[in-house]
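target_13.cif (mmCIF, C-alpha atoms)
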```cif
data_input
loop_
_atom_site.label_atom_id
_atom_site.label_comp_id
_atom_site.auth_asym_id
_atom_site.auth_seq_id
_atom_site.Cartn_x
_atom_site.Cartn_y
_atom_site.Cartn_z
CA MET E 1 -27.05 44.64 17.38
CA LYS E 2 -24.90 42.14 19.23
CA ILE E 3 -27.48 39.42 18.57
CA ARG E 4 -27.43 40.17 14.85
CA GLN E 5 -23.61 40.04 14.82
CA LEU E 6 -23.70 36.73 16.68
CA ILE E 7 -26.17 35.29 14.20
CA THR E 8 -24.05 36.52 11.29
CA ALA E 9 -20.93 34.96 12.84
CA LEU E 10 -22.70 31.64 13.34
CA ILE E 11 -23.91 31.67 9.74
CA LEU E 12 -20.34 32.24 8.53
CA VAL E 13 -19.03 29.42 10.71
CA PHE E 14 -21.60 26.96 9.37
CA PHE E 15 -20.98 28.18 5.82
CA ASN E 16 -17.24 27.60 6.15
CA LEU E 17 -17.77 24.16 7.64
CA PHE E 18 -20.13 23.26 4.83
CA THR E 19 -17.89 24.49 2.04
CA PHE E 20 -14.86 22.81 3.59
CA GLY E 21 -16.77 19.53 3.59
CA GLN E 22 -17.59 20.02 -0.08
CA ASP E 23 -13.95 20.70 -0.95
CA ALA E 24 -11.98 18.96 1.77
CA HIS E 25 -9.19 18.21 -0.68
CA PRO E 26 -8.32 21.26 -2.79
CA GLN E 27 -5.64 20.89 -5.44
CA PRO E 28 -2.29 20.61 -3.63
CA LYS E 29 -0.14 23.67 -4.20
CA THR E 30 3.15 23.11 -6.02
CA LEU E 31 6.26 24.14 -4.08
CA GLU E 32 7.75 27.43 -5.13
CA PRO E 33 11.45 28.31 -5.44
CA GLY E 34 12.98 29.04 -2.06
CA ALA E 35 10.88 26.41 -0.26
CA LYS E 36 12.54 23.81 1.96
CA ALA E 37 12.47 20.21 0.75
CA PRO E 38 9.65 18.38 2.57
CA ASP E 39 10.76 15.28 4.41
CA PHE E 40 9.91 11.82 3.13
CA SER E 41 10.23 8.18 4.14
CA LEU E 42 8.94 5.92 1.39
CA PRO E 43 9.25 2.31 0.21
CA GLY E 44 11.25 1.70 -2.95
CA THR E 45 11.29 -0.96 -5.62
CA ASP E 46 14.41 -2.33 -3.91
CA ASP E 47 12.30 -3.22 -0.83
CA LYS E 48 14.08 -0.57 1.23
CA ILE E 49 12.77 2.57 2.93
CA HIS E 50 14.33 5.74 1.54
CA LYS E 51 14.43 8.98 3.54
CA LEU E 52 15.32 12.55 2.70
CA SER E 53 18.17 12.31 5.21
CA ASP E 54 19.74 9.48 3.18
CA PHE E 55 20.85 12.11 0.64
CA ALA E 56 22.24 14.65 3.11
CA ASP E 57 25.74 14.49 1.61
CA SER E 58 24.59 15.18 -1.96
CA LYS E 59 25.42 18.59 -3.44
CA VAL E 60 22.12 18.64 -5.31
CA LEU E 61 18.92 16.66 -4.82
CA VAL E 62 16.62 16.10 -7.80
CA VAL E 63 13.16 14.77 -7.01
CA VAL E 64 11.04 13.77 -9.99
CA PHE E 65 7.44 12.67 -9.68
CA SER E 66 6.74 10.09 -12.36
CA CYS E 67 4.86 6.82 -12.81
CA ASN E 68 4.41 3.67 -14.88
CA HIS E 69 1.16 4.18 -16.73
CA CYS E 70 1.57 7.64 -18.28
CA PRO E 71 2.96 7.65 -21.86
CA THR E 72 4.55 11.03 -21.21
CA ALA E 73 6.34 9.68 -18.16
CA GLN E 74 7.43 6.65 -20.17
CA ALA E 75 8.94 8.93 -22.82
CA TYR E 76 11.24 10.44 -20.18
CA GLU E 77 12.48 7.22 -18.58
CA GLU E 78 15.64 6.98 -20.70
CA ARG E 79 16.33 10.68 -20.15
CA LEU E 80 16.13 10.20 -16.39
CA LYS E 81 18.54 7.29 -16.66
CA GLY E 82 20.89 9.62 -18.52
CA ILE E 83 20.55 12.25 -15.78
CA TYR E 84 21.47 9.64 -13.18
CA ASP E 85 24.50 8.40 -15.13
CA THR E 86 25.78 11.91 -15.87
CA TYR E 87 25.30 13.59 -12.50
CA THR E 88 25.64 10.90 -9.85
CA PRO E 89 29.46 11.02 -10.14
CA ARG E 90 29.23 14.79 -9.61
CA GLY E 91 27.43 14.54 -6.30
CA VAL E 92 23.85 14.81 -7.50
CA ALA E 93 21.18 12.51 -6.10
CA LEU E 94 18.16 11.59 -8.22
CA VAL E 95 15.01 10.23 -6.58
CA VAL E 96 11.89 9.32 -8.55
CA ILE E 97 8.55 9.10 -6.73
CA SER E 98 5.29 7.66 -8.05
CA PRO E 99 2.46 9.74 -6.51
CA ASN E 100 -0.63 8.11 -7.99
CA SER E 101 -3.45 6.49 -6.04
CA SER E 102 -5.12 3.36 -7.39
CA LYS E 103 -8.43 4.78 -6.16
CA SER E 104 -8.56 7.32 -8.97
CA LEU E 105 -6.32 5.75 -11.63
CA ASN E 106 -8.83 3.89 -13.77
CA LEU E 107 -8.27 1.01 -16.17
CA TRP E 108 -8.93 3.11 -19.28
CA GLU E 109 -6.03 5.40 -18.34
CA GLN E 110 -3.69 2.39 -18.36
CA GLY E 111 -4.37 1.73 -22.05
CA TRP E 112 -0.93 2.98 -23.09
CA SER E 113 0.98 0.88 -20.59
CA ASP E 114 1.78 -2.73 -19.77
CA LEU E 115 1.68 -1.94 -16.04
CA GLY E 116 -0.29 -0.01 -13.45
CA ASP E 117 1.15 2.20 -10.72
CA GLU E 118 1.10 -0.15 -7.74
CA LEU E 119 4.41 -0.86 -5.98
CA GLU E 120 4.60 -4.41 -7.36
CA ASP E 121 4.13 -3.03 -10.87
CA MET E 122 6.86 -0.47 -10.20
CA LYS E 123 9.24 -3.28 -9.24
CA ILE E 124 8.65 -4.90 -12.62
CA ARG E 125 9.23 -1.60 -14.46
CA ALA E 126 12.41 -0.89 -12.49
CA THR E 127 13.78 -4.31 -13.42
CA ASP E 128 12.68 -4.12 -17.06
CA LYS E 129 14.19 -0.67 -17.55
CA GLY E 130 17.27 -1.14 -15.38
CA PHE E 131 16.58 1.82 -13.09
CA LYS E 132 19.58 2.58 -10.87
CA PHE E 133 17.94 5.51 -9.09
CA PRO E 134 15.55 4.99 -6.15
CA TYR E 135 12.00 4.53 -7.45
CA LEU E 136 9.64 5.20 -4.55
CA TYR E 137 5.93 4.60 -3.97
CA ASP E 138 3.62 7.19 -2.42
CA GLY E 139 0.25 5.97 -3.67
CA ASP E 140 -1.26 4.93 -0.34
CA ASP E 141 -1.64 8.14 1.67
CA GLN E 142 0.10 10.54 -0.78
CA LYS E 143 1.34 12.69 2.10
CA VAL E 144 4.71 13.33 0.46
CA SER E 145 3.17 14.11 -2.93
CA ILE E 146 0.70 16.51 -1.34
CA SER E 147 3.58 18.36 0.33
CA TYR E 148 5.45 18.76 -2.99
CA GLY E 149 2.38 19.31 -5.16
CA PRO E 150 3.29 17.72 -8.49
CA ALA E 151 0.68 18.72 -11.07
CA ALA E 152 1.54 16.01 -13.58
CA THR E 153 3.91 13.17 -14.35
CA PRO E 154 6.72 13.90 -14.86
CA HIS E 155 7.32 16.94 -12.63
CA ALA E 156 10.87 17.80 -11.50
CA PHE E 157 12.13 19.58 -8.36
CA VAL E 158 15.79 20.60 -7.93
CA PHE E 159 17.14 21.43 -4.47
CA ASP E 160 20.52 22.90 -3.56
CA LYS E 161 22.88 21.57 -0.86
CA ASN E 162 20.78 23.30 1.81
CA ARG E 163 17.72 21.64 0.34
CA MET E 164 16.16 24.88 -0.81
CA LEU E 165 14.16 24.59 -4.00
CA GLN E 166 15.91 26.23 -6.97
CA TYR E 167 13.96 24.82 -9.92
CA VAL E 168 10.53 23.27 -10.45
CA GLY E 169 8.97 22.22 -13.74
CA CYS E 170 9.54 20.09 -16.80
CA ILE E 171 12.49 17.87 -17.72
CA ASP E 172 12.40 19.42 -21.18
CA PRO E 173 9.60 20.86 -23.33
CA SER E 174 9.47 18.13 -26.01
CA MET E 175 8.08 14.69 -25.27
CA GLU E 176 9.31 13.43 -28.65
CA ASN E 177 12.64 15.15 -29.21
CA GLY E 178 13.83 16.54 -25.90
CA LYS E 179 17.23 15.78 -24.38
CA ALA E 180 16.41 16.65 -20.77
CA GLU E 181 18.10 19.97 -21.48
CA THR E 182 15.89 22.05 -19.19
CA LEU E 183 16.56 19.87 -16.16
CA ARG E 184 20.26 19.54 -17.05
CA ASN E 185 20.64 23.33 -17.26
CA ALA E 186 18.99 23.71 -13.85
CA ILE E 187 21.28 21.12 -12.28
CA GLU E 188 24.37 22.74 -13.80
CA ALA E 189 23.35 26.14 -12.45
CA VAL E 190 22.83 24.81 -8.92
CA LEU E 191 26.12 22.90 -9.00
CA GLU E 192 27.90 26.10 -9.98
CA GLY E 193 26.11 28.18 -7.36
CA ARG E 194 24.24 30.23 -9.96
CA LYS E 195 20.59 31.14 -10.06
CA VAL E 196 18.54 29.11 -12.50
CA ASP E 197 17.57 31.33 -15.44
CA ASN E 198 13.98 30.05 -15.51
CA PRO E 199 13.28 28.63 -12.05
CA VAL E 200 9.67 27.71 -12.87
CA THR E 201 8.52 26.09 -16.11
CA LYS E 202 5.27 24.56 -17.25
CA VAL E 203 4.79 20.80 -17.10
CA PHE E 204 3.13 18.47 -19.56
CA GLY E 205 1.88 14.97 -18.83
CA CYS E 206 -0.81 12.93 -17.12
CA SER E 207 -2.41 14.68 -14.18
CA THR E 208 -1.55 13.38 -10.72
CA LYS E 209 -4.14 10.83 -9.60
CA TRP E 210 -5.21 12.16 -6.22
CA ALA E 211 -7.10 9.64 -4.09
CA TRP E 212 -10.10 11.91 -3.58
CA LYS E 213 -10.67 12.56 -7.29
CA THR E 214 -12.68 9.40 -7.98
CA ALA E 215 -15.80 10.84 -9.61
CA GLU E 216 -14.74 10.18 -13.20
CA THR E 217 -13.44 6.70 -12.40
CA ASN E 218 -16.66 5.76 -10.61
CA LYS E 219 -18.70 7.15 -13.49
CA LEU E 220 -16.71 5.17 -16.05
CA TYR E 221 -16.98 1.91 -14.08
CA LYS E 222 -20.71 2.43 -13.68
CA GLN E 223 -21.07 2.91 -17.43
CA TRP E 224 -19.13 -0.28 -18.06
CA SER E 225 -21.25 -2.21 -15.54
CA GLU E 226 -24.40 -1.17 -17.39
CA LEU E 227 -23.25 -2.27 -20.85
CA PRO E 228 -25.17 -5.27 -22.26
CA VAL E 229 -23.60 -8.71 -21.91
CA THR E 230 -24.44 -11.08 -24.77
CA LEU E 231 -23.73 -14.68 -25.73
CA GLU E 232 -24.12 -15.79 -29.35
CA ASN E 233 -23.94 -19.22 -30.94
CA ILE E 234 -21.04 -19.90 -33.28
CA ASP E 235 -20.09 -22.88 -35.43
CA ALA E 236 -16.74 -24.04 -36.79
CA LYS E 237 -17.09 -21.91 -39.91
CA GLY E 238 -17.76 -18.82 -37.83
CA ILE E 239 -14.73 -19.50 -35.65
CA LYS E 240 -12.48 -19.79 -38.71
CA VAL E 241 -13.71 -16.36 -39.81
CA LEU E 242 -12.79 -14.96 -36.38
CA ILE E 243 -9.31 -16.46 -36.65
CA GLN E 244 -8.81 -14.81 -40.05
CA ASN E 245 -9.31 -11.46 -38.31
CA LYS E 246 -10.37 -9.24 -41.16
CA SER E 247 -11.13 -6.47 -38.68
CA ASP E 248 -9.03 -3.38 -38.01
CA LYS E 249 -8.28 -4.52 -34.44
CA LEU E 250 -5.65 -6.58 -32.68
CA ARG E 251 -7.72 -9.56 -31.51
CA LEU E 252 -7.44 -11.54 -28.28
CA ILE E 253 -9.36 -14.84 -28.32
CA ASN E 254 -9.83 -17.03 -25.28
CA VAL E 255 -11.45 -20.49 -25.39
CA TRP E 256 -12.82 -21.47 -22.01
CA ALA E 257 -15.48 -23.40 -20.08
CA THR E 258 -17.31 -22.89 -16.80
CA TRP E 259 -16.23 -26.37 -15.64
CA CYS E 260 -12.54 -25.48 -16.18
CA GLY E 261 -11.06 -24.12 -12.93
CA PRO E 262 -8.12 -22.22 -14.51
CA CYS E 263 -10.51 -20.77 -17.11
CA VAL E 264 -12.86 -19.38 -14.48
CA MET E 265 -9.98 -18.04 -12.38
CA GLU E 266 -8.30 -16.11 -15.21
CA PHE E 267 -11.44 -14.86 -16.95
CA PRO E 268 -11.85 -11.70 -14.81
CA ASP E 269 -8.26 -10.74 -15.68
CA LEU E 270 -9.09 -11.02 -19.37
CA VAL E 271 -12.11 -8.77 -18.86
CA THR E 272 -9.77 -6.29 -17.17
CA ILE E 273 -7.43 -6.41 -20.17
CA ASP E 274 -10.41 -5.70 -22.41
CA ARG E 275 -11.30 -2.64 -20.35
CA ILE E 276 -7.73 -1.38 -20.35
CA TYR E 277 -7.29 -1.52 -24.13
CA ARG E 278 -10.80 -1.35 -25.55
CA SER E 279 -10.43 2.34 -26.42
CA ARG E 280 -7.64 1.43 -28.82
CA ASN E 281 -7.52 -0.86 -31.87
CA PHE E 282 -8.11 -3.94 -29.74
CA GLU E 283 -10.87 -6.41 -29.00
CA PHE E 284 -11.36 -9.39 -26.72
CA ILE E 285 -13.48 -12.32 -27.88
CA SER E 286 -14.38 -15.31 -25.72
CA ILE E 287 -15.46 -18.68 -27.08
CA ASN E 288 -17.17 -20.95 -24.57
CA ALA E 289 -16.87 -24.74 -24.81
CA ASP E 290 -19.75 -25.73 -22.51
CA LYS E 291 -22.64 -27.78 -23.85
CA MET E 292 -25.41 -25.76 -25.44
CA SER E 293 -27.75 -26.94 -22.68
CA ARG E 294 -25.69 -24.82 -20.26
CA LYS E 295 -25.92 -21.63 -22.29
CA GLU E 296 -28.02 -19.86 -19.68
CA ASN E 297 -25.48 -20.68 -16.96
CA VAL E 298 -22.66 -19.44 -19.15
CA LEU E 299 -24.49 -16.16 -19.76
CA LYS E 300 -25.00 -15.70 -16.00
CA PHE E 301 -21.27 -16.16 -15.45
CA LEU E 302 -20.51 -13.58 -18.13
CA GLN E 303 -23.01 -11.13 -16.64
CA LYS E 304 -21.52 -11.58 -13.18
CA ASN E 305 -18.12 -10.65 -14.63
CA GLU E 306 -19.59 -7.74 -16.65
CA ALA E 307 -18.08 -9.22 -19.80
CA SER E 308 -19.44 -6.71 -22.32
CA ASN E 309 -16.94 -7.90 -24.93
CA LYS E 310 -17.98 -10.29 -27.73
CA ASN E 311 -18.88 -13.72 -26.35
CA PHE E 312 -19.70 -16.91 -28.25
CA ILE E 313 -20.66 -20.46 -27.33
CA PHE E 314 -19.70 -23.32 -29.65
CA SER E 315 -22.89 -24.75 -31.11
CA SER E 316 -21.64 -28.31 -31.65
CA ASP E 317 -20.67 -31.04 -29.20
CA ASN E 318 -17.79 -32.11 -31.47
CA ASN E 319 -14.73 -31.07 -29.45
CA ASN E 320 -12.29 -32.09 -32.17
CA GLU E 321 -14.09 -29.79 -34.60
CA LEU E 322 -13.80 -26.95 -32.09
CA ALA E 323 -10.05 -27.44 -31.61
CA GLU E 324 -9.35 -27.76 -35.32
CA SER E 325 -11.33 -24.66 -36.22
CA VAL E 326 -9.57 -22.56 -33.56
CA ASP E 327 -6.01 -23.68 -34.24
CA PRO E 328 -4.71 -26.93 -35.79
CA GLN E 329 -1.74 -26.66 -33.39
CA TRP E 330 -4.03 -26.82 -30.36
CA ASN E 331 -4.50 -30.21 -28.63
CA GLY E 332 -7.85 -29.20 -27.16
CA ALA E 333 -6.92 -28.65 -23.48
CA LEU E 334 -8.43 -25.58 -21.81
CA PRO E 335 -7.96 -22.70 -21.46
CA TYR E 336 -6.50 -21.73 -24.82
CA THR E 337 -5.57 -18.18 -25.77
CA LEU E 338 -4.57 -16.55 -29.05
CA VAL E 339 -3.52 -13.05 -30.05
CA ILE E 340 -4.11 -12.42 -33.74
CA GLU E 341 -2.96 -9.44 -35.76
CA GLN E 342 -5.11 -7.87 -38.43
CA GLY E 343 -4.97 -10.18 -41.42
CA GLY E 344 -4.88 -13.42 -39.42
CA LYS E 345 -1.28 -13.72 -38.23
CA ILE E 346 -1.20 -15.53 -34.88
CA ILE E 347 1.51 -13.92 -32.74
CA TYR E 348 0.66 -15.60 -29.44
CA ARG E 349 -0.81 -19.00 -28.62
CA LEU E 350 -0.91 -20.59 -25.18
CA GLN E 351 -2.59 -23.61 -23.67
CA GLY E 352 -3.06 -22.96 -19.96
CA PRO E 353 -3.44 -19.81 -17.86
CA VAL E 354 -1.87 -16.68 -19.31
CA ASP E 355 0.72 -14.46 -17.66
CA ILE E 356 -1.21 -11.18 -17.49
CA VAL E 357 1.89 -8.96 -17.43
CA GLU E 358 3.40 -10.82 -20.39
CA LEU E 359 0.13 -10.56 -22.29
CA ARG E 360 -0.19 -6.84 -21.60
CA LYS E 361 3.36 -6.23 -22.82
CA LEU E 362 2.61 -8.11 -26.02
CA ILE E 363 -0.55 -6.11 -26.63
CA VAL E 364 0.69 -2.61 -25.81
CA ASN E 365 3.93 -3.04 -27.79
CA ASN E 366 2.20 -4.31 -30.94
CA ARG E 367 2.07 -1.73 -33.70
CA TYR E 368 -1.39 -2.85 -34.81
CA ILE E 369 -2.98 -1.55 -31.63
CA ASP E 370 -2.46 1.93 -33.09
CA GLY E 371 -3.81 0.89 -36.49
CA VAL E 372 -0.34 0.82 -38.07
CA LYS E 373 -0.10 -1.56 -41.01
#
```
With the file now loaded, output its structure as structure tokens.
Amino acid sequence: MKIRQLITALILVFFNLFTFGQDAHPQPKTLEPGAKAPDFSLPGTDDKIHKLSDFADSKVLVVVFSCNHCPTAQAYEERLKGIYDTYTPRGVALVVISPNSSKSLNLWEQGWSDLGDELEDMKIRATDKGFKFPYLYDGDDQKVSISYGPAATPHAFVFDKNRMLQYVGCIDPSMENGKAETLRNAIEAVLEGRKVDNPVTKVFGCSTKWAWKTAETNKLYKQWSELPVTLENIDAKGIKVLIQNKSDKLRLINVWATWCGPCVMEFPDLVTIDRIYRSRNFEFISINADKMSRKENVLKFLQKNEASNKNFIFSSDNNNELAESVDPQWNGALPYTLVIEQGGKIIYRLQGPVDIVELRKLIVNNRYIDGVK
């Protein structure tokens, strides 16, 4: 009998070890009202380290988990600025933390943003939007985020002067028309020493990108890597048709050559832009200026960079004809980049390497990327 019990116990031990290995990272549990505020020490966009103890004198501490890439989070940025302006004079501290890991945040998910969620990207967003509140980064080890358990961005947590959680949930229930009323009501209640009427509310937004949830990202990147890479011949007449852009997509055109150092260096970034926005009304087209005798080499370069966008090679050795057909304003120096709206209106032209952040802002803020005419 004892032997059977021992065997059973061993089986259970091995079973638990096995199942733990299969699910070593269960979904972090969201803090519940009454919980103590977990400590944190995180880098901010101001190049300083911010700690929980820095806000010890505040009557109320509001911690909001948000990010750059999520359109829902973006919709609440101005509301958070309003919260800061209204309540900072009343002794309330607002801290915003970006929880997302770059390991699971894929390029496709960034299609509604000009920036990713890395700290350097956060610095740009903080400057662009004029954030006065601390904007902190927790994307490396996510220890702080795991301890709070935000389910989505944005997700708000309101702590009283003793740093006991009094409210957790949404900022307000309407992404389009909300006024941050839910969060404001919670803050008012805590300031007045009252219980929050609804201490837990549902959240809506992009799911937190936990570092261990990489399966979908890896699957997507594998699918992209297996897409065919092609290189077609094109003449001056064909290029003029491309420039007219009679498609339903915002069109990015890059003229480049394998012998052009800046062209080769920036090309992978243009492929990345294509992957970020290809699910929307957007397309990237490359036009190569190498000699036709080098077509096979050009194709190998494109394959190496997994450039599954539309690629052409100019079929003539008349460089003046190439420049004139692309843009009469272009002097012919490479690289040369255009962004063309549906109907043929050129809204961006640049000779030389592009600024990727500037280009992404131009693309994501253009109404035509949503098919608006």
For range 195-209 of chain E, work out the shell of residues within 7 Å, counting all atoms listed in the file and skipping chain neighbours fewer than 5 positions away, then give it as a short mmCIF file (atom, residue, chain, number, x, y, z; two decimals) with C-alpha atoms, in the frame of the given file.
```cif
data_model
loop_
_atom_site.label_atom_id
_atom_site.label_comp_id
_atom_site.auth_asym_id
_atom_site.auth_seq_id
_atom_site.Cartn_x
_atom_site.Cartn_y
_atom_site.Cartn_z
CA PRO E 33 11.45 28.31 -5.44
CA CYS E 70 1.57 7.64 -18.28
CA THR E 72 4.55 11.03 -21.21
CA ALA E 73 6.34 9.68 -18.16
CA PRO E 99 2.46 9.74 -6.51
CA ASN E 100 -0.63 8.11 -7.99
CA SER E 101 -3.45 6.49 -6.04
CA SER E 104 -8.56 7.32 -8.97
CA LEU E 105 -6.32 5.75 -11.63
CA PRO E 150 3.29 17.72 -8.49
CA ALA E 151 0.68 18.72 -11.07
CA ALA E 152 1.54 16.01 -13.58
CA THR E 153 3.91 13.17 -14.35
CA PRO E 154 6.72 13.90 -14.86
CA HIS E 155 7.32 16.94 -12.63
CA GLN E 166 15.91 26.23 -6.97
CA TYR E 167 13.96 24.82 -9.92
CA VAL E 168 10.53 23.27 -10.45
CA GLY E 169 8.97 22.22 -13.74
CA CYS E 170 9.54 20.09 -16.80
CA ALA E 186 18.99 23.71 -13.85
CA ALA E 189 23.35 26.14 -12.45
CA VAL E 190 22.83 24.81 -8.92
#
```
* Interatomic distance between CA of Ser315 in chain E and CA of Ile234 in chain E? ->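 Computed distance, CA of Ser315 in chain E to CA of Ile234 in chain E, equals 5.6 Å.
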* **Who sits within 9 Å of range 321-336 of chain E, only C-alpha atoms, same chain under 4 positions skipped, as a ChimeraX atom specification** => /E:235-240,242-243,253-257,260,262-263,289,314,316-317,349-354
* Minimum-distance residue to Lys129 in chain E, chosen among E:Lys361, E:Arg367, E:Lys81, E:Arg194 (using only C-alpha atoms) ->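 Of all the options, E:Lys81 lies closest to Lys129 in chain E.
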* **Residues matched by the PyMOL selection byres ((chain E and resi 339-346) around 8) as number ranges by chain** => E: 243-253, 337-338, 347-349, 368
Do you know which residues lie at most 10 Å from (8.5, 16.1, -27.4), with coordinates as in the file and all atoms listed in the file counted, and could you write them as a PDB file with C-alpha atoms, in the frame of the given file?
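As a result, out-v2.pdb now contains:
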```pdb
ATOM      1  CA  THR E  72       4.550  11.030 -21.210  1.00  0.00           C
ATOM      2  CA  ALA E  75       8.940   8.930 -22.820  1.00  0.00           C
ATOM      3  CA  TYR E  76      11.240  10.440 -20.180  1.00  0.00           C
ATOM      4  CA  ASP E 172      12.400  19.420 -21.180  1.00  0.00           C
ATOM      5  CA  PRO E 173       9.600  20.860 -23.330  1.00  0.00           C
ATOM      6  CA  SER E 174       9.470  18.130 -26.010  1.00  0.00           C
ATOM      7  CA  MET E 175       8.080  14.690 -25.270  1.00  0.00           C
ATOM      8  CA  GLU E 176       9.310  13.430 -28.650  1.00  0.00           C
ATOM      9  CA  ASN E 177      12.640  15.150 -29.210  1.00  0.00           C
ATOM     10  CA  GLY E 178      13.830  16.540 -25.900  1.00  0.00           C
ATOM     11  CA  LYS E 179      17.230  15.780 -24.380  1.00  0.00           C
ATOM     12  CA  PHE E 204       3.130  18.470 -19.560  1.00  0.00           C
TER      13      PHE E 204
END
```
* Shell around Ser308 in chain E at 8 Å using all atoms listed in the file, local window under 4 positions removed, as a list in words ->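 What passes the distance filter is Trp224, Leu227, Pro228, Val229 and Thr230 of chain E.
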* Asked: Could you write out as a list in words the residues that the PyMOL selection byres ((chain E and resi 93) around 7) matches in the shown file?
  ->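 Taken over the shown coordinates, the PyMOL selection byres ((chain E and resi 93) around 7) returns Phe55, Ser58, Val60, Leu61, Val62, Thr88, Gly91, Val92, Leu94 and Val95 of chain E.
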* Structure fact -> Residue with the minimum atom-to-atom distance to Glu109 in chain E, picked from E:Glu216, E:Asp269, E:Asp47, E:Glu283 with all atoms listed in the file counted, is E:Glu216
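Pairwise distance (CA of Phe267 in chain E, CA of Asn366 in chain E) equals 22.2 Å.
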* Asked: What residues come out when you apply the PyMOL selection byres ((chain E and resi 144) around 10) to this file, written as an MDAnalysis selection string?
  -> chainID E and resid 38:42 97 99 137:139 141:143 145:149
Can you write just those residues out, C-alpha atoms, as a PDB file, in the coordinates of the input?
```pdb
ATOM      1  CA  PRO E  38       9.650  18.380   2.570  1.00  0.00           C
ATOM      2  CA  ASP E  39      10.760  15.280   4.410  1.00  0.00           C
ATOM      3  CA  PHE E  40       9.910  11.820   3.130  1.00  0.00           C
ATOM      4  CA  SER E  41      10.230   8.180   4.140  1.00  0.00           C
ATOM      5  CA  LEU E  42       8.940   5.920   1.390  1.00  0.00           C
ATOM      6  CA  ILE E  97       8.550   9.100  -6.730  1.00  0.00           C
ATOM      7  CA  PRO E  99       2.460   9.740  -6.510  1.00  0.00           C
ATOM      8  CA  TYR E 137       5.930   4.600  -3.970  1.00  0.00           C
ATOM      9  CA  ASP E 138       3.620   7.190  -2.420  1.00  0.00           C
ATOM     10  CA  GLY E 139       0.250   5.970  -3.670  1.00  0.00           C
ATOM     11  CA  ASP E 141      -1.640   8.140   1.670  1.00  0.00           C
ATOM     12  CA  GLN E 142       0.100  10.540  -0.780  1.00  0.00           C
ATOM     13  CA  LYS E 143       1.340  12.690   2.100  1.00  0.00           C
ATOM     14  CA  SER E 145       3.170  14.110  -2.930  1.00  0.00           C
ATOM     15  CA  ILE E 146       0.700  16.510  -1.340  1.00  0.00           C
ATOM     16  CA  SER E 147       3.580  18.360   0.330  1.00  0.00           C
ATOM     17  CA  TYR E 148       5.450  18.760  -2.990  1.00  0.00           C
ATOM     18  CA  GLY E 149       2.380  19.310  -5.160  1.00  0.00           C
TER      19      GLY E 149
END
```
* Asked: So which one's closest to Thr45 in chain E, E:Phe282, E:Phe65, E:Phe131, E:Trp112? Using all atoms listed in the file, please.
  ->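 Closest to Thr45 in chain E, using all atoms listed in the file: E:Phe131.
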* What does the distance from CA of Asp85 in chain E to CA of Val63 in chain E come to in Å, to one decimal? ->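 Interatomic distance here is 15.3 Å.
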* Would you please work out which residue, of E:Pro89, E:Gly193, E:Gly111, E:Gly261, is nearest to Asp274 in chain E when using all atoms listed in the file? => E:Gly111
* Rank E:Leu270, E:Val298, E:Ile276, E:Leu191 by their smallest atom-to-atom distance to Leu231 in chain E, using all atoms listed in the file, and report the top residue only. => E:Val298
* To do: Find, counting only C-alpha atoms, the residue in E:Phe312, E:Tyr87, E:Tyr135, E:Trp108 that gets nearest to Asp121 in chain E.
  => E:Tyr135
